[in-house]
$ cat query.json   # JSON, C-alpha atoms and all ligand atoms
[["chain", "number", "residue", "atom", "x", "y", "z"],
["A", 1, "MET", "CA", 13.28, 9.00, 5.25],
["A", 2, "ARG", "CA", 13.71, 6.98, 8.41],
["A", 3, "ILE", "CA", 11.30, 4.17, 9.30],
["A", 4, "ASP", "CA", 11.48, 2.43, 12.68],
["A", 5, "VAL", "CA", 9.69, -0.92, 12.77],
["A", 6, "PHE", "CA", 8.62, -2.56, 16.03],
["A", 7, "THR", "CA", 7.86, -6.25, 15.66],
["A", 8, "LEU", "CA", 8.24, -9.67, 17.24],
["A", 9, "PHE", "CA", 9.65, -10.98, 13.92],
["A", 10, "PRO", "CA", 12.30, -8.60, 12.58],
["A", 11, "GLU", "CA", 13.81, -11.45, 10.53],
["A", 12, "VAL", "CA", 10.71, -11.45, 8.31],
["A", 13, "PHE", "CA", 11.60, -7.99, 7.01],
["A", 14, "GLU", "CA", 15.27, -8.41, 6.11],
["A", 15, "PRO", "CA", 15.05, -10.51, 2.94],
["A", 16, "TYR", "CA", 12.53, -8.23, 1.28],
["A", 17, "LEU", "CA", 14.25, -5.02, 2.36],
["A", 18, "ASN", "CA", 17.50, -6.36, 0.90],
["A", 19, "LEU", "CA", 16.08, -6.82, -2.60],
["A", 20, "SER", "CA", 15.84, -4.68, -5.70],
["A", 21, "ILE", "CA", 14.52, -1.13, -5.34],
["A", 22, "LEU", "CA", 14.36, -1.16, -1.54],
["A", 23, "ALA", "CA", 17.93, -2.44, -1.26],
["A", 24, "ARG", "CA", 19.16, 0.28, -3.60],
["A", 25, "ALA", "CA", 17.21, 2.99, -1.77],
["A", 26, "ARG", "CA", 18.84, 1.86, 1.48],
["A", 27, "GLU", "CA", 22.34, 1.70, -0.01],
["A", 28, "ARG", "CA", 21.94, 5.21, -1.37],
["A", 29, "GLY", "CA", 20.75, 6.52, 2.00],
["A", 30, "LEU", "CA", 17.29, 7.50, 0.73],
["A", 31, "LEU", "CA", 15.63, 4.99, 3.05],
["A", 32, "ASP", "CA", 16.88, 4.25, 6.54],
["A", 33, "VAL", "CA", 14.97, 1.31, 8.07],
["A", 34, "HIS", "CA", 15.60, 0.23, 11.65],
["A", 35, "LEU", "CA", 14.11, -3.05, 12.91],
["A", 36, "TYR", "CA", 13.45, -3.52, 16.61],
["A", 37, "ASN", "CA", 12.36, -6.70, 18.36],
["A", 38, "ILE", "CA", 9.76, -5.76, 20.98],
["A", 39, "ARG", "CA", 10.86, -8.80, 22.99],
["A", 40, "ASP", "CA", 14.20, -7.07, 23.64],
["A", 41, "TRP", "CA", 12.31, -4.66, 25.93],
["A", 42, "THR", "CA", 10.83, -7.33, 28.20],
["A", 43, "THR", "CA", 12.25, -7.51, 31.72],
["A", 44, "ASP", "CA", 11.10, -10.93, 32.97],
["A", 45, "LYS", "CA", 13.02, -14.19, 32.75],
["A", 46, "HIS", "CA", 10.74, -15.64, 30.08],
["A", 47, "ARG", "CA", 10.72, -12.50, 27.93],
["A", 48, "THR", "CA", 6.92, -12.43, 27.97],
["A", 49, "VAL", "CA", 5.22, -10.24, 25.38],
["A", 50, "ASP", "CA", 1.60, -11.43, 25.70],
["A", 51, "ASP", "CA", -0.97, -12.30, 28.33],
["A", 52, "GLU", "CA", -4.60, -13.40, 28.70],
["A", 53, "PRO", "CA", -7.37, -10.91, 28.02],
["A", 54, "TYR", "CA", -9.11, -9.25, 30.98],
["A", 55, "GLY", "CA", -12.74, -10.35, 30.87],
["A", 56, "GLY", "CA", -11.86, -13.76, 29.50],
["A", 57, "GLY", "CA", -12.38, -15.20, 26.07],
["A", 58, "GLY", "CA", -9.83, -16.86, 23.87],
["A", 59, "GLY", "CA", -6.59, -15.68, 22.44],
["A", 60, "MET", "CA", -3.77, -13.59, 23.84],
["A", 61, "VAL", "CA", -3.16, -9.86, 23.98],
["A", 62, "MET", "CA", 0.18, -8.07, 23.59],
["A", 63, "LYS", "CA", 1.28, -6.51, 26.87],
["A", 64, "PRO", "CA", 1.70, -2.73, 26.88],
["A", 65, "GLU", "CA", 4.99, -2.37, 28.82],
["A", 66, "PRO", "CA", 7.48, -3.72, 26.24],
["A", 67, "ILE", "CA", 5.81, -1.80, 23.40],
["A", 68, "PHE", "CA", 5.88, 1.52, 25.30],
["A", 69, "ALA", "CA", 9.46, 0.89, 26.42],
["A", 70, "ALA", "CA", 10.66, 0.04, 22.92],
["A", 71, "VAL", "CA", 8.98, 2.95, 21.15],
["A", 72, "GLU", "CA", 9.91, 5.52, 23.82],
["A", 73, "ASP", "CA", 13.50, 4.31, 23.93],
["A", 74, "VAL", "CA", 13.90, 4.75, 20.20],
["A", 75, "LEU", "CA", 11.66, 7.78, 19.54],
["A", 76, "GLY", "CA", 11.76, 9.62, 22.86],
["A", 77, "ARG", "CA", 9.03, 10.36, 25.36],
["A", 78, "PRO", "CA", 6.73, 11.55, 23.98],
["A", 79, "PRO", "CA", 7.66, 10.01, 20.60],
["A", 80, "ARG", "CA", 9.01, 12.63, 18.16],
["A", 81, "ALA", "CA", 7.49, 11.06, 15.03],
["A", 82, "PRO", "CA", 4.13, 9.55, 14.04],
["A", 83, "VAL", "CA", 3.60, 6.10, 15.56],
["A", 84, "ILE", "CA", 1.52, 4.03, 13.16],
["A", 85, "LEU", "CA", -0.14, 0.81, 14.25],
["A", 86, "MET", "CA", -0.85, -1.79, 11.58],
["A", 87, "THR", "CA", -4.26, -3.25, 12.44],
["A", 88, "PRO", "CA", -7.32, -4.66, 10.64],
["A", 89, "GLN", "CA", -9.30, -1.84, 12.30],
["A", 90, "GLY", "CA", -7.14, 0.92, 10.84],
["A", 91, "ARG", "CA", -8.09, 3.38, 8.14],
["A", 92, "PRO", "CA", -7.52, 2.04, 4.64],
["A", 93, "PHE", "CA", -3.97, 2.36, 3.32],
["A", 94, "THR", "CA", -4.23, 3.89, -0.17],
["A", 95, "GLN", "CA", -1.87, 5.48, -2.69],
["A", 96, "GLU", "CA", -2.95, 8.85, -1.29],
["A", 97, "VAL", "CA", -1.85, 7.81, 2.20],
["A", 98, "ALA", "CA", 1.42, 6.50, 0.75],
["A", 99, "TRP", "CA", 2.07, 9.94, -0.79],
["A", 100, "GLN", "CA", 1.36, 11.66, 2.51],
["A", 101, "LEU", "CA", 3.70, 9.38, 4.45],
["A", 102, "SER", "CA", 6.42, 9.77, 1.81],
["A", 103, "ARG", "CA", 6.60, 13.50, 2.62],
["A", 104, "LEU", "CA", 7.48, 12.83, 6.29],
["A", 105, "PRO", "CA", 11.09, 12.65, 7.45],
["A", 106, "ARG", "CA", 10.38, 9.84, 9.91],
["A", 107, "ILE", "CA", 7.66, 7.38, 10.93],
["A", 108, "ALA", "CA", 7.41, 4.38, 13.25],
["A", 109, "LEU", "CA", 5.41, 1.25, 12.40],
["A", 110, "ILE", "CA", 4.13, -1.24, 14.97],
["A", 111, "ALA", "CA", 3.34, -4.72, 13.64],
["A", 112, "GLY", "CA", 1.11, -6.62, 16.04],
["A", 113, "ARG", "CA", 0.58, -10.32, 16.62],
["A", 114, "TYR", "CA", -2.00, -12.36, 18.56],
["A", 115, "GLU", "CA", -5.56, -11.12, 18.83],
["A", 116, "GLY", "CA", -4.34, -7.58, 19.22],
["A", 117, "LEU", "CA", -2.63, -5.33, 21.68],
["A", 118, "ASP", "CA", -3.61, -3.70, 24.93],
["A", 119, "GLU", "CA", -5.92, -0.78, 24.19],
["A", 120, "ARG", "CA", -3.70, 1.63, 26.18],
["A", 121, "VAL", "CA", -1.07, 1.36, 23.43],
["A", 122, "ARG", "CA", -3.65, 2.62, 20.94],
["A", 123, "GLU", "CA", -4.91, 5.35, 23.26],
["A", 124, "HIS", "CA", -1.62, 6.74, 24.57],
["A", 125, "LEU", "CA", 1.17, 5.82, 22.15],
["A", 126, "VAL", "CA", -0.23, 5.30, 18.69],
["A", 127, "THR", "CA", -1.02, 8.35, 16.53],
["A", 128, "ASP", "CA", -2.50, 6.59, 13.48],
["A", 129, "GLU", "CA", -3.83, 3.14, 12.54],
["A", 130, "LEU", "CA", -3.67, 1.60, 9.07],
["A", 131, "SER", "CA", -5.14, -1.51, 7.44],
["A", 132, "ILE", "CA", -4.06, -2.79, 4.03],
["A", 133, "GLY", "CA", -7.42, -4.34, 3.13],
["A", 134, "ASP", "CA", -10.39, -6.38, 4.21],
["A", 135, "TYR", "CA", -8.87, -9.82, 4.71],
["A", 136, "VAL", "CA", -7.40, -11.43, 7.79],
["A", 137, "LEU", "CA", -3.65, -11.99, 8.06],
["A", 138, "THR", "CA", -1.76, -13.59, 10.93],
["A", 139, "GLY", "CA", 0.11, -10.43, 11.89],
["A", 140, "GLY", "CA", 1.04, -6.89, 10.98],
["A", 141, "GLU", "CA", 4.45, -7.73, 9.49],
["A", 142, "LEU", "CA", 3.35, -8.06, 5.87],
["A", 143, "PRO", "CA", 1.18, -4.93, 6.12],
["A", 144, "ALA", "CA", 4.19, -3.00, 7.50],
["A", 145, "LEU", "CA", 6.29, -4.22, 4.56],
["A", 146, "VAL", "CA", 3.54, -3.16, 2.18],
["A", 147, "VAL", "CA", 3.61, 0.36, 3.64],
["A", 148, "ILE", "CA", 7.42, 0.53, 3.46],
["A", 149, "ASP", "CA", 7.38, -0.69, -0.14],
["A", 150, "ALA", "CA", 4.66, 1.68, -1.36],
["A", 151, "VAL", "CA", 6.18, 4.68, 0.42],
["A", 152, "THR", "CA", 9.79, 4.04, -0.59],
["A", 153, "ARG", "CA", 9.15, 4.07, -4.33],
["A", 154, "LEU", "CA", 7.64, 7.56, -3.91],
["A", 155, "LEU", "CA", 10.72, 9.01, -2.20],
["A", 156, "PRO", "CA", 12.60, 11.50, -4.39],
["A", 157, "GLY", "CA", 15.44, 9.79, -6.26],
["A", 158, "VAL", "CA", 14.36, 6.20, -5.65],
["A", 159, "LEU", "CA", 12.97, 5.58, -9.15],
["A", 160, "GLY", "CA", 15.02, 6.48, -12.20],
["A", 161, "ASP", "CA", 12.26, 8.55, -13.78],
["A", 162, "PRO", "CA", 11.18, 11.22, -11.25],
["A", 163, "ASP", "CA", 7.75, 11.39, -12.92],
["A", 164, "ALA", "CA", 7.17, 7.62, -12.78],
["A", 165, "PRO", "CA", 5.14, 7.65, -9.54],
["A", 166, "LEU", "CA", 2.85, 10.34, -10.95],
["A", 167, "LYS", "CA", 2.05, 8.04, -13.86],
["A", 168, "ASP", "CA", 1.13, 5.13, -11.59],
["A", 169, "SER", "CA", -2.32, 3.88, -12.28],
["A", 170, "PHE", "CA", -3.65, 4.72, -8.84],
["A", 171, "SER", "CA", -2.14, 8.18, -8.90],
["A", 172, "GLN", "CA", -3.95, 8.70, -12.21],
["A", 173, "GLY", "CA", -7.15, 7.20, -10.82],
["A", 174, "LEU", "CA", -7.42, 4.59, -13.59],
["A", 175, "LEU", "CA", -6.16, 1.06, -14.19],
["A", 176, "GLU", "CA", -3.27, 0.65, -16.60],
["A", 177, "HIS", "CA", -3.46, -0.20, -20.27],
["A", 178, "PRO", "CA", -2.05, -3.55, -21.52],
["A", 179, "HIS", "CA", 1.70, -3.91, -22.08],
["A", 180, "TYR", "CA", 3.49, -5.95, -24.76],
["A", 181, "THR", "CA", 7.09, -6.74, -25.62],
["A", 182, "ARG", "CA", 8.83, -8.90, -28.23],
["A", 183, "PRO", "CA", 8.14, -11.21, -29.99],
["A", 184, "ALA", "CA", 5.54, -9.54, -32.20],
["A", 185, "VAL", "CA", 3.82, -12.91, -32.58],
["A", 186, "PHE", "CA", 3.90, -15.49, -29.77],
["A", 187, "ARG", "CA", 2.10, -18.82, -30.32],
["A", 188, "GLY", "CA", 0.06, -17.12, -33.00],
["A", 189, "TRP", "CA", -1.00, -14.27, -30.68],
["A", 190, "SER", "CA", -0.10, -10.92, -32.19],
["A", 191, "VAL", "CA", 0.72, -7.65, -30.52],
["A", 192, "PRO", "CA", -1.99, -5.11, -31.41],
["A", 193, "GLU", "CA", -1.10, -3.48, -34.71],
["A", 194, "VAL", "CA", -1.48, 0.05, -33.37],
["A", 195, "LEU", "CA", 1.47, -0.42, -30.97],
["A", 196, "ARG", "CA", 3.78, -1.17, -33.93],
["A", 197, "SER", "CA", 2.41, 1.60, -36.12],
["A", 198, "GLY", "CA", 4.80, 4.30, -34.93],
["A", 199, "ASP", "CA", 1.82, 6.68, -34.79],
["A", 200, "HIS", "CA", 2.32, 8.08, -31.32],
["A", 201, "ALA", "CA", -0.92, 10.02, -31.19],
["A", 202, "ARG", "CA", -2.87, 6.91, -32.16],
["A", 203, "ILE", "CA", -0.94, 4.82, -29.61],
["A", 204, "ALA", "CA", -1.67, 7.33, -26.86],
["A", 205, "ARG", "CA", -5.38, 7.33, -27.72],
["A", 206, "TRP", "CA", -5.51, 3.51, -27.82],
["A", 207, "ARG", "CA", -3.81, 3.24, -24.42],
["A", 208, "ARG", "CA", -6.13, 5.79, -22.89],
["A", 209, "GLU", "CA", -9.16, 3.95, -24.20],
["A", 210, "GLN", "CA", -7.86, 0.57, -22.97],
["A", 211, "SER", "CA", -7.24, 2.14, -19.59],
["A", 212, "LEU", "CA", -10.76, 3.58, -19.46],
["A", 213, "ARG", "CA", -12.32, 0.33, -20.66],
["A", 214, "ARG", "CA", -10.50, -1.79, -18.10],
["A", 215, "THR", "CA", -11.36, 0.56, -15.30],
["A", 216, "TRP", "CA", -15.01, 0.51, -16.32],
["A", 217, "GLU", "CA", -15.06, -3.28, -16.56],
["A", 218, "ARG", "CA", -13.06, -4.11, -13.44],
["A", 219, "ARG", "CA", -13.20, -1.13, -11.10],
["A", 220, "PRO", "CA", -16.16, 1.10, -11.99],
["A", 221, "ASP", "CA", -15.87, 2.58, -8.49],
["A", 222, "LEU", "CA", -12.63, 4.29, -9.57],
["A", 223, "LEU", "CA", -14.26, 6.14, -12.47],
["A", 224, "ALA", "CA", -16.37, 8.24, -10.12],
["A", 225, "ARG", "CA", -13.20, 9.86, -8.74],
["A", 226, "ALA", "CA", -10.93, 9.82, -11.80],
["A", 227, "PRO", "CA", -10.17, 13.08, -13.62],
["A", 228, "LEU", "CA", -11.88, 12.54, -17.00],
["A", 229, "THR", "CA", -11.73, 14.69, -20.14],
["A", 230, "PRO", "CA", -14.77, 15.26, -22.37],
["A", 231, "GLU", "CA", -13.14, 12.78, -24.82],
["A", 232, "ASP", "CA", -12.84, 10.19, -22.03],
["A", 233, "ARG", "CA", -16.52, 10.62, -21.18],
["A", 234, "ALA", "CA", -17.53, 10.28, -24.81],
["A", 235, "TYR", "CA", -15.56, 7.03, -25.14],
["A", 236, "LEU", "CA", -16.94, 5.63, -21.88],
["A", 237, "ALA", "CA", -20.46, 6.47, -23.04],
["A", 238, "THR", "CA", -19.94, 4.12, -26.01],
["A", 239, "LEU", "CA", -19.30, 1.33, -23.45],
["A", 240, "GLY", "CA", -22.55, 1.97, -21.60],
["A", 241, "TRP", "CA", -21.10, 4.14, -18.84],
["A", 242, "ARG", "CA", -23.34, 6.92, -17.66],
["A", 243, "GLU", "CA", -22.26, 9.83, -15.53],
["A", 244, "ARG", "CA", -23.54, 9.31, -12.01],
["A", 245, "SER", "CA", -24.11, 11.82, -9.32],
["A", 246, "LYS", "CA", -21.35, 11.33, -6.76],
["A", 247, "PRO", "CA", -22.33, 10.76, -3.17],
["A", 248, "ALA", "CA", -19.38, 10.21, -0.79],
["A", 249, "SER", "CA", -19.33, 6.80, -2.40],
["A", 250, "SER", "CA", -17.63, 3.45, -1.92],
["A", 251, "ALA", "CA", -16.86, 0.60, -4.33],
["A", 252, "SER", "CA", -20.07, -1.19, -3.42],
["A", 253, "ASP", "CA", -22.41, 1.52, -4.66],
["A", 254, "ALA", "CA", -20.80, 2.01, -8.06],
["A", 255, "GLU", "CA", -22.74, 0.68, -11.01],
["A", 256, "ALA", "CA", -21.42, -2.63, -12.37],
["A", 257, "PRO", "CA", -20.33, -2.86, -15.99],
["A", 258, "GLU", "CA", -22.11, -4.96, -18.59],
["A", 259, "SER", "CA", -20.14, -8.16, -19.08],
["A", 260, "SER", "CA", -18.22, -7.61, -22.26],
["A", 261, "THR", "CA", -15.87, -9.13, -24.75],
["A", 262, "ASN", "CA", -12.48, -7.54, -25.28],
["A", 301, "LIG", "C1", -10.21, -12.54, 15.93],
["A", 301, "LIG", "C2", -10.49, -11.18, 15.46],
["A", 301, "LIG", "N1", -9.46, -10.67, 14.55],
["A", 301, "LIG", "C3", -9.93, -9.40, 13.92],
["A", 301, "LIG", "C4", -10.30, -9.59, 12.49],
["A", 301, "LIG", "C5", -8.26, -10.37, 15.32],
["A", 301, "LIG", "C6", -7.07, -10.21, 14.50],
["A", 301, "LIG", "C7", -6.83, -10.98, 13.37],
["A", 301, "LIG", "C8", -5.67, -10.82, 12.64],
["A", 301, "LIG", "C9", -6.14, -9.28, 14.86],
["A", 301, "LIG", "C10", -4.97, -9.14, 14.14],
["A", 301, "LIG", "C11", -4.74, -9.92, 13.03],
["A", 301, "LIG", "C12", -3.48, -9.78, 12.27],
["A", 301, "LIG", "N2", -3.59, -8.77, 11.23],
["A", 301, "LIG", "C13", -2.96, -7.62, 11.31],
["A", 301, "LIG", "O1", -2.26, -7.37, 12.28],
["A", 301, "LIG", "C14", -3.15, -6.64, 10.25],
["A", 301, "LIG", "C15", -3.94, -6.67, 9.07],
["A", 301, "LIG", "C16", -4.80, -7.67, 8.51],
["A", 301, "LIG", "O2", -4.99, -8.78, 9.03],
["A", 301, "LIG", "N3", -5.43, -7.36, 7.35],
["A", 301, "LIG", "C17", -5.28, -6.18, 6.71],
["A", 301, "LIG", "N4", -4.50, -5.23, 7.19],
["A", 301, "LIG", "C18", -3.85, -5.48, 8.36],
["A", 301, "LIG", "S1", -2.83, -4.42, 9.12],
["A", 301, "LIG", "C19", -2.50, -5.43, 10.36]]
$ encode --input "query.json" --output "structure tokens"
Amino acid sequence: MRIDVFTLFPEVFEPYLNLSILARARERGLLDVHLYNIRDWTTDKHRTVDDEPYGGGGGMVMKPEPIFAAVEDVLGRPPRAPVILMTPQGRPFTQEVAWQLSRLPRIALIAGRYEGLDERVREHLVTDELSIGDYVLTGGELPALVVIDAVTRLLPGVLGDPDAPLKDSFSQGLLEHPHYTRPAVFRGWSVPEVLRSGDHARIARWRREQSLRRTWERRPDLLARAPLTPEDRAYLATLGWRERSKPASSASDAEAPESSTN
């Protein structure tokens, strides 16, 4: 997969892209990231990328010309791949969106700065807009890295176990069960006996129940969409969960769990 990134701060991306799984994916040719500095497409002496907003008010707005020039130079005119703008107003970036993007041969990401960019970029260049969540960052660079990271680990061959991404908690629709490693006792805190029992059926059941319990306690909104077996439902019922009718719902209208001990 090829990802072209358009940014005013390409140097922000390099250290992270050169680490661990992303570095290996790049070395192996599974991921081909190209970083472009939008400022390189300015034509004035001061390399101006922003200007005051029409209509007044504070802040600065990214000028359209260098962004159009950069993207069209690299992707053609019209661009021959999706052009995705990272913006707080975008549609939510989820694991499902990551899967969809991972199936594309090429995408372009625009990371904005300042109060935003000229609306004509959105209207006539951008094909999709993504947000990574409801909090305010100083720019689109970290969101672009988040997208690259989440998408790359889904590319065929990137992870050792080809089924690993399918087992991810968000692909399963539930939060993960607890994990333990040696030592069996640390500061007097023991690893749950079941995990050392060697009884794989019992271990699988325990993990499933922990996963269901955690999801119910922390993210009850996820349960409405998760694929649940009759056994799952029976276990959840013992925790106080009741099957709800499912409107096209959001996190805020899911029923909260009782506060509980572990
Ligand atoms: C002053 C009004 N702000 C809107 C909330 C303007 C504004 C703030 C911060 C415009 C851009 C930004 C920088 N953020 C991003 O570019 C961004 C972002 C984010 O801040 N949160 C979650 N996802 C994203 S994707 C891009």
$ atom_distance --input "query.json" --atom1 "CA of Ile21 (chain A)" --atom2 "CA of Thr94 (chain A)"
20.1 Å
$ closest_residue --input "query.json" --among "A:Ala111, A:Val49, A:Ala81, A:Val158" --to "Glu141 (chain A)" --atoms "all atoms listed in the file"
A:Ala111
$ closest_residue --input "query.json" --among "A:Leu228, A:Ala237, A:Val146, A:Leu223" --to "ligand LIG 301 (chain A)" --atoms "only C-alpha atoms and all ligand atoms"
A:Val146
$ residues_near_ligand --input "query.json" --ligand "ligand LIG 301 (chain A)" --cutoff "7 Å" --atoms "all atoms listed in the file" --output "mmCIF file with C-alpha atoms, in the frame of the given file"
data_model
loop_
_atom_site.group_PDB
_atom_site.id
_atom_site.type_symbol
_atom_site.label_atom_id
_atom_site.label_comp_id
_atom_site.auth_asym_id
_atom_site.auth_seq_id
_atom_site.Cartn_x
_atom_site.Cartn_y
_atom_site.Cartn_z
ATOM 1 C CA MET A 86 -0.850 -1.790 11.580
ATOM 2 C CA THR A 87 -4.260 -3.250 12.440
ATOM 3 C CA PRO A 88 -7.320 -4.660 10.640
ATOM 4 C CA ALA A 111 3.340 -4.720 13.640
ATOM 5 C CA GLY A 112 1.110 -6.620 16.040
ATOM 6 C CA ARG A 113 0.580 -10.320 16.620
ATOM 7 C CA TYR A 114 -2.000 -12.360 18.560
ATOM 8 C CA GLU A 115 -5.560 -11.120 18.830
ATOM 9 C CA GLY A 116 -4.340 -7.580 19.220
ATOM 10 C CA LEU A 130 -3.670 1.600 9.070
ATOM 11 C CA SER A 131 -5.140 -1.510 7.440
ATOM 12 C CA ILE A 132 -4.060 -2.790 4.030
ATOM 13 C CA GLY A 133 -7.420 -4.340 3.130
ATOM 14 C CA ASP A 134 -10.390 -6.380 4.210
ATOM 15 C CA TYR A 135 -8.870 -9.820 4.710
ATOM 16 C CA VAL A 136 -7.400 -11.430 7.790
ATOM 17 C CA LEU A 137 -3.650 -11.990 8.060
ATOM 18 C CA THR A 138 -1.760 -13.590 10.930
ATOM 19 C CA GLY A 139 0.110 -10.430 11.890
ATOM 20 C CA GLY A 140 1.040 -6.890 10.980
ATOM 21 C CA PRO A 143 1.180 -4.930 6.120
#
$ residues_around --input "query.json" --residues "Gln100 (chain A)" --least-positions-apart "3" --cutoff "12 Å" --atoms "only C-alpha atoms" --output "list in words"
Phe93, Thr94, Gln95, Glu96, Val97, Arg103, Leu104, Pro105, Arg106, Ile107, Val147, Ala150, Val151, Thr152, Leu154 and Leu155 of chain A
$ closest_residue --input "query.json" --among "A:Asn37, A:Pro64, A:Leu125, A:Leu8" --to "Arg77 (chain A)" --atoms "only C-alpha atoms"
A:Leu125
$ closest_residue --input "query.json" --among "A:Leu175, A:Val121, A:Leu31, A:Ala204" --to "Pro220 (chain A)" --atoms "only C-alpha atoms"
A:Leu175
$ closest_residue --input "query.json" --among "A:Trp216, A:Pro178, A:Leu145, A:Arg244" --to "Pro15 (chain A)" --atoms "all atoms listed in the file"
A:Leu145
